[in-house]
Each structure stands twice: as C-alpha cells, then as structure tokens.
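Content type PDB, C-alpha atoms, from the file protein12.pdb:
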```
ATOM      1  CA  MET Z1078     -21.428 140.122   5.185
ATOM      2  CA  LEU Z1079     -21.723 139.124   8.838
ATOM      3  CA  ASN Z1080     -23.162 141.611  11.253
ATOM      4  CA  GLY Z1081     -24.239 141.876  14.860
ATOM      5  CA  ARG Z1082     -27.998 141.715  14.413
ATOM      6  CA  ALA Z1083     -29.899 139.066  16.369
ATOM      7  CA  ASP Z1084     -31.465 136.160  14.518
ATOM      8  CA  HIS Z1085     -34.121 134.003  16.160
ATOM      9  CA  ILE Z1086     -32.810 130.583  15.226
ATOM     10  CA  TRP Z1087     -32.067 127.204  16.724
ATOM     11  CA  ARG Z1088     -28.544 127.955  17.961
ATOM     12  CA  LEU Z1089     -27.099 124.552  18.744
ATOM     13  CA  GLY Z1090     -29.771 123.047  16.552
ATOM     14  CA  SER Z1091     -28.690 125.074  13.537
ATOM     15  CA  GLY Z1092     -26.859 122.079  12.134
ATOM     16  CA  VAL Z1093     -29.616 119.576  12.828
ATOM     17  CA  PRO Z1094     -32.267 118.721  10.201
ATOM     18  CA  SER Z1095     -35.580 120.489  10.764
ATOM     19  CA  ASP Z1096     -37.447 117.298  11.670
ATOM     20  CA  LYS Z1097     -35.054 116.684  14.594
ATOM     21  CA  ARG Z1098     -34.618 120.184  16.051
ATOM     22  CA  GLY Z1099     -37.451 120.125  18.528
ATOM     23  CA  ASN Z1100     -39.171 123.268  19.724
ATOM     24  CA  GLN Z1101     -36.509 125.064  21.766
ATOM     25  CA  LEU Z1102     -35.480 128.467  20.367
ATOM     26  CA  PHE Z1103     -32.221 130.267  21.099
ATOM     27  CA  MET Z1104     -31.121 133.849  20.531
ATOM     28  CA  ILE Z1105     -27.824 134.105  18.648
ATOM     29  CA  LEU Z1106     -25.738 137.236  18.170
ATOM     30  CA  ASN Z1107     -22.505 135.691  16.965
ATOM     31  CA  PRO Z1108     -21.327 134.016  13.780
ATOM     32  CA  GLN Z1109     -20.622 130.313  14.027
ATOM     33  CA  ALA Z1110     -17.648 128.390  12.640
ATOM     34  CA  VAL Z1111     -17.828 124.681  11.874
ATOM     35  CA  VAL Z1112     -14.455 122.919  11.651
ATOM     36  CA  ASP Z1113     -13.224 119.398  10.884
ATOM     37  CA  ASP Z1114      -9.763 117.848  10.598
ATOM     38  CA  SER Z1115      -7.951 115.982   7.825
ATOM     39  CA  GLY Z1116      -4.571 114.303   7.624
ATOM     40  CA  ASN Z1117      -4.411 112.490  10.937
ATOM     41  CA  GLU Z1118      -2.917 109.410   9.306
ATOM     42  CA  PRO Z1119       0.783 108.725  10.068
ATOM     43  CA  ASN Z1120       1.687 108.874   6.365
ATOM     44  CA  SER Z1121      -0.049 112.185   5.757
ATOM     45  CA  HIS Z1122       2.135 115.130   4.708
ATOM     46  CA  VAL Z1123       0.139 117.802   6.541
ATOM     47  CA  PHE Z1124      -2.463 118.040   9.264
ATOM     48  CA  VAL Z1125      -5.333 120.435   8.597
ATOM     49  CA  LEU Z1126      -8.235 121.957  10.484
ATOM     50  CA  ALA Z1127     -10.676 123.611   8.125
ATOM     51  CA  GLY Z1128     -14.251 124.733   7.774
ATOM     52  CA  PHE Z1129     -16.574 127.657   7.254
ATOM     53  CA  VAL Z1130     -18.030 130.637   9.101
ATOM     54  CA  ALA Z1131     -21.581 131.891   8.670
ATOM     55  CA  PRO Z1132     -24.449 133.388  10.665
ATOM     56  CA  ALA Z1133     -26.331 130.632  12.450
ATOM     57  CA  ALA Z1134     -29.416 131.300  10.332
ATOM     58  CA  ASN Z1135     -27.350 130.353   7.275
ATOM     59  CA  TRP Z1136     -26.439 127.055   8.899
ATOM     60  CA  VAL Z1137     -30.131 126.354   9.407
ATOM     61  CA  ALA Z1138     -30.767 126.862   5.686
ATOM     62  CA  LEU Z1139     -27.680 124.883   4.650
ATOM     63  CA  THR Z1140     -28.693 121.992   6.877
ATOM     64  CA  ASP Z1141     -32.100 121.579   5.289
ATOM     65  CA  GLU Z1142     -30.688 121.818   1.761
ATOM     66  CA  TRP Z1143     -27.874 119.404   2.642
ATOM     67  CA  ARG Z1144     -30.368 116.884   4.017
ATOM     68  CA  ALA Z1145     -32.418 117.110   0.846
ATOM     69  CA  VAL Z1146     -29.347 116.327  -1.271
ATOM     70  CA  LEU Z1147     -28.417 113.399   0.972
ATOM     71  CA  ASP Z1148     -31.886 112.017   0.289
ATOM     72  CA  GLN Z1149     -31.485 112.160  -3.478
ATOM     73  CA  LYS Z1150     -30.884 108.814  -5.179
ATOM     74  CA  PRO Z1151     -28.448 107.189  -4.712
ATOM     75  CA  THR Z1152     -29.186 108.140  -1.103
ATOM     76  CA  LEU Z1153     -26.597 108.871   1.560
ATOM     77  CA  GLU Z1154     -27.042 108.510   5.305
ATOM     78  CA  TYR Z1155     -24.210 111.038   5.712
ATOM     79  CA  PHE Z1156     -21.416 112.602   3.645
ATOM     80  CA  LYS Z1157     -17.746 111.772   4.143
ATOM     81  CA  MET Z1158     -15.217 113.058   1.614
ATOM     82  CA  LYS Z1159     -12.809 110.166   2.097
ATOM     83  CA  GLU Z1160     -15.542 107.663   1.347
ATOM     84  CA  ALA Z1161     -16.602 109.638  -1.714
ATOM     85  CA  MET Z1162     -13.122 109.661  -3.226
ATOM     86  CA  ARG Z1163     -12.595 105.951  -2.581
ATOM     87  CA  LEU Z1164     -16.123 104.952  -3.668
ATOM     88  CA  GLN Z1165     -16.495 103.073  -0.399
ATOM     89  CA  ASP Z1166     -19.070 102.757   2.375
ATOM     90  CA  GLN Z1167     -21.790 105.347   1.686
ATOM     91  CA  PHE Z1168     -20.429 105.770  -1.857
ATOM     92  CA  ASP Z1169     -19.965 102.069  -2.533
ATOM     93  CA  LYS Z1170     -20.632 100.991  -6.107
ATOM     94  CA  LYS Z1171     -23.098  98.432  -4.752
ATOM     95  CA  ARG Z1172     -25.253 101.352  -3.646
ATOM     96  CA  GLY Z1173     -25.397 102.597  -7.223
ATOM     97  CA  TRP Z1174     -22.491 105.023  -7.210
ATOM     98  CA  THR Z1175     -20.179 105.766 -10.122
ATOM     99  CA  GLU Z1176     -17.402 108.336 -10.421
ATOM    100  CA  ASP Z1177     -19.628 110.584 -12.544
ATOM    101  CA  LEU Z1178     -22.524 110.424 -10.059
ATOM    102  CA  ARG Z1179     -20.129 111.116  -7.198
ATOM    103  CA  ASP Z1180     -18.624 114.120  -8.974
ATOM    104  CA  ASP Z1181     -22.065 115.547  -9.699
ATOM    105  CA  ARG Z1182     -23.084 115.140  -6.065
ATOM    106  CA  LEU Z1183     -19.875 116.794  -4.896
ATOM    107  CA  MET Z1184     -20.598 119.813  -7.045
ATOM    108  CA  THR Z1185     -24.144 120.007  -5.678
ATOM    109  CA  PHE Z1186     -22.817 120.032  -2.112
ATOM    110  CA  THR Z1187     -20.217 122.613  -3.134
ATOM    111  CA  ARG Z1188     -22.882 124.921  -4.539
ATOM    112  CA  ILE Z1189     -24.791 124.729  -1.257
ATOM    113  CA  ILE Z1190     -21.639 125.698   0.653
ATOM    114  CA  ARG Z1191     -20.951 128.640  -1.651
ATOM    115  CA  LYS Z1192     -24.529 129.809  -1.218
ATOM    116  CA  HIS Z1193     -24.422 129.928   2.574
ATOM    117  CA  ALA Z1194     -20.802 130.201   3.822
ATOM    118  CA  SER Z1195     -19.483 133.708   4.475
ATOM    119  CA  ILE Z1196     -15.838 132.818   5.181
ATOM    120  CA  ARG Z1197     -13.684 129.725   4.674
ATOM    121  CA  ILE Z1198     -11.059 129.145   7.317
ATOM    122  CA  HIS Z1199      -8.206 126.689   7.712
ATOM    123  CA  ALA Z1200      -4.980 126.067   9.613
ATOM    124  CA  LYS Z1201      -2.253 123.602   8.685
ATOM    125  CA  ILE Z1202       1.076 122.259   9.852
ATOM    126  CA  GLN Z1203       3.450 119.675   8.433
ATOM    127  CA  HIS Z1204       3.631 116.486  10.484
ATOM    128  CA  ALA Z1205       7.407 116.362   9.985
ATOM    129  CA  HIS Z1206       7.834 119.811  11.563
ATOM    130  CA  PHE Z1207       5.591 119.009  14.511
ATOM    131  CA  ASN Z1208       7.229 115.636  15.171
ATOM    132  CA  LYS Z1209      10.755 117.037  14.878
ATOM    133  CA  HIS Z1210      10.324 120.090  17.080
ATOM    134  CA  ILE Z1211       7.372 119.462  19.432
ATOM    135  CA  ARG Z1212       6.673 115.757  19.738
ATOM    136  CA  SER Z1213      10.380 115.133  20.291
ATOM    137  CA  ILE Z1214      10.434 117.213  23.496
ATOM    138  CA  PRO Z1215      11.193 114.813  26.365
ATOM    139  CA  VAL Z1216       8.478 115.181  29.004
ATOM    140  CA  PRO Z1217       7.773 112.651  31.779
ATOM    141  CA  ASN Z1218       4.028 113.245  31.520
ATOM    142  CA  ARG Z1219       2.892 113.016  27.894
ATOM    143  CA  MET Z1220      -0.088 115.120  26.836
ATOM    144  CA  LEU Z1221      -2.053 115.368  23.614
ATOM    145  CA  PHE Z1222      -0.686 118.896  23.230
ATOM    146  CA  THR Z1223       2.850 117.514  22.976
ATOM    147  CA  ASP Z1224       1.934 114.447  20.933
ATOM    148  CA  SER Z1225      -0.571 115.734  18.365
ATOM    149  CA  PRO Z1226      -0.851 118.912  16.283
ATOM    150  CA  TYR Z1227      -4.615 119.047  16.862
ATOM    151  CA  THR Z1228      -4.580 121.174  20.023
ATOM    152  CA  LEU Z1229      -2.079 123.618  18.532
ATOM    153  CA  LEU Z1230      -4.132 124.209  15.376
ATOM    154  CA  PHE Z1231      -7.324 124.247  17.431
ATOM    155  CA  GLN Z1232      -6.017 127.331  19.241
ATOM    156  CA  GLN Z1233      -4.559 128.917  16.119
ATOM    157  CA  ILE Z1234      -7.717 128.698  14.013
ATOM    158  CA  ILE Z1235      -9.740 130.343  16.788
ATOM    159  CA  LEU Z1236      -7.156 133.124  17.121
ATOM    160  CA  ALA Z1237      -6.994 133.614  13.353
ATOM    161  CA  MET Z1238     -10.734 134.224  13.238
ATOM    162  CA  ALA Z1239     -10.558 136.624  16.191
ATOM    163  CA  VAL Z1240      -7.681 138.613  14.656
ATOM    164  CA  ARG Z1241      -8.848 138.758  11.039
ATOM    165  CA  GLY Z1242     -12.604 138.259  11.110
ATOM    166  CA  ASP Z1243     -13.260 141.990  10.967
ATOM    167  CA  LEU Z1244     -11.716 142.073   7.488
ATOM    168  CA  TYR Z1245     -14.882 140.336   6.300
ATOM    169  CA  GLY Z1246     -17.412 142.053   8.525
ATOM    170  CA  ALA Z1247     -17.347 139.667  11.502
ATOM    171  CA  MET Z1248     -17.398 142.275  14.257
ATOM    172  CA  THR Z1249     -18.637 140.035  17.088
ATOM    173  CA  PRO Z1250     -17.175 136.906  18.740
ATOM    174  CA  CYS Z1251     -17.283 133.728  16.694
ATOM    175  CA  ASP Z1252     -18.437 130.515  18.344
ATOM    176  CA  PHE Z1253     -16.830 127.292  17.117
ATOM    177  CA  VAL Z1254     -18.275 123.833  16.569
ATOM    178  CA  PHE Z1255     -15.735 121.046  16.023
ATOM    179  CA  ASP Z1256     -16.156 117.427  15.039
ATOM    180  CA  GLU Z1257     -15.985 115.113  18.037
ATOM    181  CA  GLN Z1258     -12.433 114.028  18.880
ATOM    182  CA  SER Z1259     -11.888 111.104  21.218
ATOM    183  CA  GLY Z1260      -9.508 112.053  24.016
ATOM    184  CA  PHE Z1261      -9.129 115.703  23.032
ATOM    185  CA  ILE Z1262     -12.344 117.184  24.380
ATOM    186  CA  GLY Z1263     -11.465 116.869  28.070
ATOM    187  CA  GLU Z1264      -7.961 118.264  27.653
ATOM    188  CA  ILE Z1265      -9.162 121.181  25.531
ATOM    189  CA  GLN Z1266     -11.937 122.055  27.972
ATOM    190  CA  SER Z1267      -9.545 121.944  30.931
ATOM    191  CA  GLN Z1268      -7.040 124.179  29.094
ATOM    192  CA  TRP Z1269      -9.639 126.696  27.871
ATOM    193  CA  PRO Z1270      -9.430 129.080  30.887
ATOM    194  CA  LYS Z1271      -5.632 129.181  30.559
ATOM    195  CA  PHE Z1272      -5.964 129.802  26.806
ATOM    196  CA  LYS Z1273      -8.352 132.722  27.424
ATOM    197  CA  GLU Z1274      -6.036 134.129  30.087
ATOM    198  CA  THR Z1275      -3.074 133.974  27.682
ATOM    199  CA  ILE Z1276      -5.063 135.901  25.079
ATOM    200  CA  LYS Z1277      -5.497 138.746  27.560
ATOM    201  CA  LEU Z1278      -1.727 139.223  27.533
ATOM    202  CA  GLN Z1279      -1.697 139.895  23.776
ATOM    203  CA  SER Z1280      -1.004 143.401  22.485
ATOM    204  CA  ARG Z1281      -4.525 143.891  21.095
ATOM    205  CA  SER Z1282      -6.796 144.887  23.953
ATOM    206  CA  ASP Z1283      -9.919 143.908  21.999
ATOM    207  CA  LEU Z1284      -8.750 140.369  21.215
ATOM    208  CA  PRO Z1285     -10.312 138.581  24.231
ATOM    209  CA  ALA Z1286     -13.696 140.078  23.388
ATOM    210  CA  LEU Z1287     -13.504 138.639  19.867
ATOM    211  CA  VAL Z1288     -13.005 135.044  21.037
ATOM    212  CA  GLY Z1289     -16.305 133.228  21.462
ATOM    213  CA  ASP Z1290     -17.485 130.843  24.142
ATOM    214  CA  LEU Z1291     -15.946 127.469  24.938
ATOM    215  CA  PRO Z1292     -16.136 125.514  21.652
ATOM    216  CA  ILE Z1293     -18.522 122.616  21.427
ATOM    217  CA  PHE Z1294     -18.040 119.224  19.786
ATOM    218  CA  ARG Z1295     -20.674 117.433  17.756
ATOM    219  CA  ASP Z1296     -21.010 114.207  15.770
ATOM    220  CA  GLU Z1297     -20.628 115.050  12.078
ATOM    221  CA  LYS Z1298     -23.139 112.362  11.113
ATOM    222  CA  TYR Z1299     -25.763 114.294  13.085
ATOM    223  CA  PHE Z1300     -24.582 117.923  12.853
ATOM    224  CA  LEU Z1301     -24.682 118.337   9.086
ATOM    225  CA  PRO Z1302     -22.589 121.544   8.630
ATOM    226  CA  LEU Z1303     -19.624 119.522   9.878
ATOM    227  CA  GLN Z1304     -19.981 117.415   6.742
ATOM    228  CA  ALA Z1305     -19.385 120.594   4.735
ATOM    229  CA  ALA Z1306     -16.288 121.229   6.865
ATOM    230  CA  ASP Z1307     -15.148 117.650   6.193
ATOM    231  CA  LEU Z1308     -15.441 118.266   2.449
ATOM    232  CA  TYR Z1309     -13.300 121.401   2.654
ATOM    233  CA  ALA Z1310     -10.727 119.982   5.089
ATOM    234  CA  TRP Z1311     -10.083 117.033   2.767
ATOM    235  CA  GLN Z1312      -9.738 119.355  -0.225
ATOM    236  CA  VAL Z1313      -7.249 121.616   1.578
ATOM    237  CA  ARG Z1314      -5.162 118.709   2.845
ATOM    238  CA  ASN Z1315      -5.155 117.079  -0.595
ATOM    239  CA  TYR Z1316      -4.067 120.341  -2.263
ATOM    240  CA  TYR Z1317      -1.101 120.782   0.087
ATOM    241  CA  ALA Z1318      -0.140 117.117  -0.313
ATOM    242  CA  GLN Z1319      -0.131 117.475  -4.097
ATOM    243  CA  ASN Z1320       1.969 120.619  -3.891
ATOM    244  CA  LYS Z1321       4.613 119.549  -1.383
ATOM    245  CA  ASN Z1322       7.180 119.716  -4.205
ATOM    246  CA  PRO Z1323       7.721 123.476  -4.771
ATOM    247  CA  LYS Z1324       8.958 122.815  -8.291
ATOM    248  CA  LEU Z1325       5.683 121.221  -9.366
ATOM    249  CA  ILE Z1326       2.508 123.252  -8.898
ATOM    250  CA  VAL Z1327      -0.736 121.292  -9.170
ATOM    251  CA  PRO Z1328      -3.737 123.585  -9.785
ATOM    252  CA  VAL Z1329      -6.886 123.387  -7.683
ATOM    253  CA  ASN Z1330      -9.453 120.834  -8.769
ATOM    254  CA  ARG Z1331     -13.035 121.588  -9.808
ATOM    255  CA  VAL Z1332     -14.488 121.471  -6.289
ATOM    256  CA  LEU Z1333     -11.774 123.543  -4.624
ATOM    257  CA  GLY Z1334     -11.881 125.939  -7.559
ATOM    258  CA  GLN Z1335     -15.431 126.812  -6.535
ATOM    259  CA  LEU Z1336     -14.695 127.012  -2.806
ATOM    260  CA  VAL Z1337     -11.690 129.328  -3.156
ATOM    261  CA  GLN Z1338     -14.105 132.036  -4.292
ATOM    262  CA  ILE Z1339     -15.302 132.285  -0.690
ATOM    263  CA  PRO Z1340     -13.258 134.839   1.329
ATOM    264  CA  MET Z1341     -10.468 133.102   3.259
ATOM    265  CA  ILE Z1342      -8.784 133.277   6.639
ATOM    266  CA  ASP Z1343      -5.840 130.898   6.927
ATOM    267  CA  ARG Z1344      -3.138 130.108   9.462
ATOM    268  CA  ASN Z1345      -0.210 128.175   8.047
ATOM    269  CA  TYR Z1346       2.190 127.172  10.808
ATOM    270  CA  GLU Z1347       5.618 127.263   9.176
ATOM    271  CA  GLU Z1348       8.725 125.563  10.550
ATOM    272  CA  ASP Z1349      10.321 128.710  11.968
ATOM    273  CA  GLU Z1350       7.238 129.272  14.121
ATOM    274  CA  VAL Z1351       7.255 125.659  15.265
ATOM    275  CA  ILE Z1352      10.901 126.092  16.308
ATOM    276  CA  ARG Z1353      10.000 129.211  18.314
ATOM    277  CA  LEU Z1354       7.180 127.286  19.991
ATOM    278  CA  ARG Z1355       9.639 124.532  20.942
ATOM    279  CA  GLU Z1356      11.996 127.087  22.474
ATOM    280  CA  HIS Z1357       9.122 128.589  24.440
ATOM    281  CA  LEU Z1358       7.988 125.198  25.740
ATOM    282  CA  LEU Z1359      11.533 124.348  26.786
ATOM    283  CA  ARG Z1360      11.793 127.652  28.686
ATOM    284  CA  VAL Z1361       8.466 126.980  30.398
ATOM    285  CA  GLY Z1362       9.605 123.484  31.304
ATOM    286  CA  GLU Z1363      12.891 124.728  32.728
ATOM    287  CA  HIS Z1364      11.118 127.385  34.753
ATOM    288  CA  PHE Z1365       8.704 124.791  36.109
ATOM    289  CA  LYS Z1366      11.508 122.460  37.170
ATOM    290  CA  ASN Z1367      13.366 125.269  38.933
ATOM    291  CA  ALA Z1368      10.234 126.396  40.745
ATOM    292  CA  ASN Z1369       9.211 122.832  41.667
ATOM    293  CA  PRO Z1370      12.395 120.830  42.325
ATOM    294  CA  ASN Z1371      10.502 118.017  44.065
ATOM    295  CA  GLN Z1372       7.848 117.658  41.371
ATOM    296  CA  THR Z1373       8.053 114.312  39.611
ATOM    297  CA  TYR Z1374       6.060 115.171  36.515
ATOM    298  CA  LEU Z1375       6.519 118.043  34.133
ATOM    299  CA  LYS Z1376       3.371 119.526  32.635
ATOM    300  CA  PHE Z1377       3.222 122.265  30.050
TER     301      PHE Z1377
END
```
Go ahead and render the structure in this file as structure tokens.
Amino acid sequence: MLNGRADHIWRLGSGVPSDKRGNQLFMILNPQAVVDDSGNEPNSHVFVLAGFVAPAANWVALTDEWRAVLDQKPTLEYFKMKEAMRLQDQFDKKRGWTEDLRDDRLMTFTRIIRKHASIRIHAKIQHAHFNKHIRSIPVPNRMLFTDSPYTLLFQQIILAMAVRGDLYGAMTPCDFVFDEQSGFIGEIQSQWPKFKETIKLQSRSDLPALVGDLPIFRDEKYFLPLQAADLYAWQVRNYYAQNKNPKLIVPVNRVLGQLVQIPMIDRNYEEDEVIRLREHLLRVGEHFKNANPNQTYLKF
C-alpha cells in the first residue's frame, strides 16, 4: 500500500542506476507514476499510455534489479518490448538471442515489476474514433492536441490516478514521469496551468490537491522504470488489438497474465465520450470566433 510517509531517496534519480545517481538526495512524499506510449503507428488499432505507480523508494530498488538483469548474458544496453518481440536490435539473434531466451528474460523483468509496482495504470483510445471526431475538426491553426491522441490521454491518465488512487491507498498527489516525446513537451508544459485551472472547476473539491507537479519527461534508455512502462504499454496495446473483434476473445498471454495481478486503474476513452469532446471543442471554437471576430487563427 502507498502512504504519505517520507522516504529519503533520490527523487528524480530513482530511475537511474546506482552508479550514475550522484550524491544529491531529495525528500519525496508522493508516489511516482512512470508512463510510456504504444500504438503510435498509423496502422495501429488503438493508442495506449500505460505504466506503473509506486513509492519512489520502490523505483530505486527496481532500477538496480533491472540493471542487473540487463547485464545478464546475452546482455542488453536497454529493454524495448518491440525489439524483443521482433528479435531485432538489442534482441538480435546475432547477439545470441533465441525466442526461448527472450521469453525467459521477459518473465524475469515481469517478476521485478510485480515485486515493486503498487498499481498498474493505462488509458486507451481507438485511432479511428480520434481521427473521425477530433482530428477531423477544421482548425486554421493545427495543434498536437487536435492531431494526436497523446495529449488527450496524457490528461486522462493523470486525472484517473487523482480520482481513483485512494482506492489503493494513494492518499497524496502522484507525480508523473513520461517517456520523452518530440514536439509534445513544449505544448504540454504551456497547457499545464490551464489544465490545472480546469481541474479546479470539477465537482470534487479535493481533486486539484491530488494532482501532482508538472510531469517530467525522461529518456527511457537512461531512466530504467520507463522500460518497465514500455513493456506494459506494449502488452496492453497488443491485447486490445487482438480483441478488437468482440466475437473472438483472445486470453491474456503469460506476461500480461502476471501483470494483471497488480491492482489496476484504467481510463478507456469510448466513442461516445470522444463525440462529446468534439461537441465541446466545437462550442469553444464558436465562442472564440464570436468573441474575436478579427482573429485569423483559431486555437483551442
């Protein structure tokens, strides 16, 4: 269970191997979430943000164990689920990898995650729904928010943790660490104050206090807990892709079968909600045009 006690740990260094942390100590009161994306490809059925929540001290322990497993032979400089499944790059057969060795290593990483993660968390949306109802909105000034589902799920996964974290003992704000995203960081940081202000208008008066600080972005090759998030995000996206036909249910595989035993917070953005979001954005756009008749560009 997560609680509010203080742990003397390396806060932003909690995902960095011990030999690279340096000497600076931080005081951390909040749980930390590490989140990665999967399904950005144009032919992907769904887009997913997914990861895990744990006290920062747990991330310190996971990082050192993860590094030790990376160093096992055949060695890995980093872990990437896509490369593992394709037996490419770090998992290339020329490096000594076979399907059996890969599967064994996956299970070892999975056991480390189960040992240290307190909550698994994910948000997903179908690309077809986003493209049909949001990306199709005609706006003179295109933004990543209108062209990609990333920003939408970014906000939703943070809100899901704030709303439901107390079900699993997370009684304090949760800080988020995301994998670096080219082009998104600046827009997200500029929109963060507006996002926090919108939260204050929600019906729950305690909700703003449960949202952590401005999320940070790290390189997953350096910040090792993000590699655990990558593993889970791929598994979630693959499961939804396999089960897009409601008449054919594909059970979870061996890896996901272990991870689903971790308590879950999810946010599945269904089409009816995407339609309501479109209607809201159109109302906002119309209001903006009426209030600014001489404005050339429309910004949401």
Per residue of stretch 1216-1242 of chain Z within 10 Å of stretch 1266-1278 of chain Z, record the nearest atom pair and its distance in Å to one decimal, counting all atoms listed in the file, with rows in chain order and ascending residue number, as CSV.
```
residue,atom,partner,partner_atom,distance
Z:Thr1228,CA,Z:Gln1268,CA,9.9
Z:Gln1232,CA,Z:Phe1272,CA,8.0
Z:Leu1236,CA,Z:Ile1276,CA,8.7
```
Using all atoms listed in the file, which residues sit within 12 Å of Z:Ala1205 once same-chain residues fewer than 6 positions away are excluded, as a short mmCIF file (atom, residue, chain, number, x, y, z; two decimals) with C-alpha atoms, in the coordinates of the input?
```cif
data_model
loop_
_atom_site.label_atom_id
_atom_site.label_comp_id
_atom_site.auth_asym_id
_atom_site.auth_seq_id
_atom_site.Cartn_x
_atom_site.Cartn_y
_atom_site.Cartn_z
CA PRO Z 1119 0.78 108.72 10.07
CA ASN Z 1120 1.69 108.87 6.36
CA SER Z 1121 -0.05 112.18 5.76
CA HIS Z 1122 2.13 115.13 4.71
CA VAL Z 1123 0.14 117.80 6.54
CA PHE Z 1124 -2.46 118.04 9.26
CA ILE Z 1211 7.37 119.46 19.43
CA ARG Z 1212 6.67 115.76 19.74
CA SER Z 1213 10.38 115.13 20.29
CA SER Z 1225 -0.57 115.73 18.36
CA PRO Z 1226 -0.85 118.91 16.28
CA GLU Z 1347 5.62 127.26 9.18
CA GLU Z 1348 8.72 125.56 10.55
CA VAL Z 1351 7.26 125.66 15.26
#
```
**OP:** Rounded to one decimal place, report the atom CA of Z:Gly1289-atom CA of Z:Asp1114 distance in Å.
**Re:**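 It comes out at 19.9 Å.
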Take every atom of stretch 1217-1227 of chain Z listed in the file, pad by 8 Å on each side, and give me the axis-aligned box centre and edge lengths in Å, one decimal, as AutoDock Vina command-line options.
```
--center_x 1.6 --center_y 115.8 --center_z 24.0 --size_x 28.4 --size_y 22.4 --size_z 31.5
```
| request: Could you check how far atom CA of Z:Lys1150 sits from atom CA of Z:Ile1189, in Å to one decimal? | output: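 So the two atoms, atom CA of Z:Lys1150 and atom CA of Z:Ile1189, lie 17.5 Å apart.
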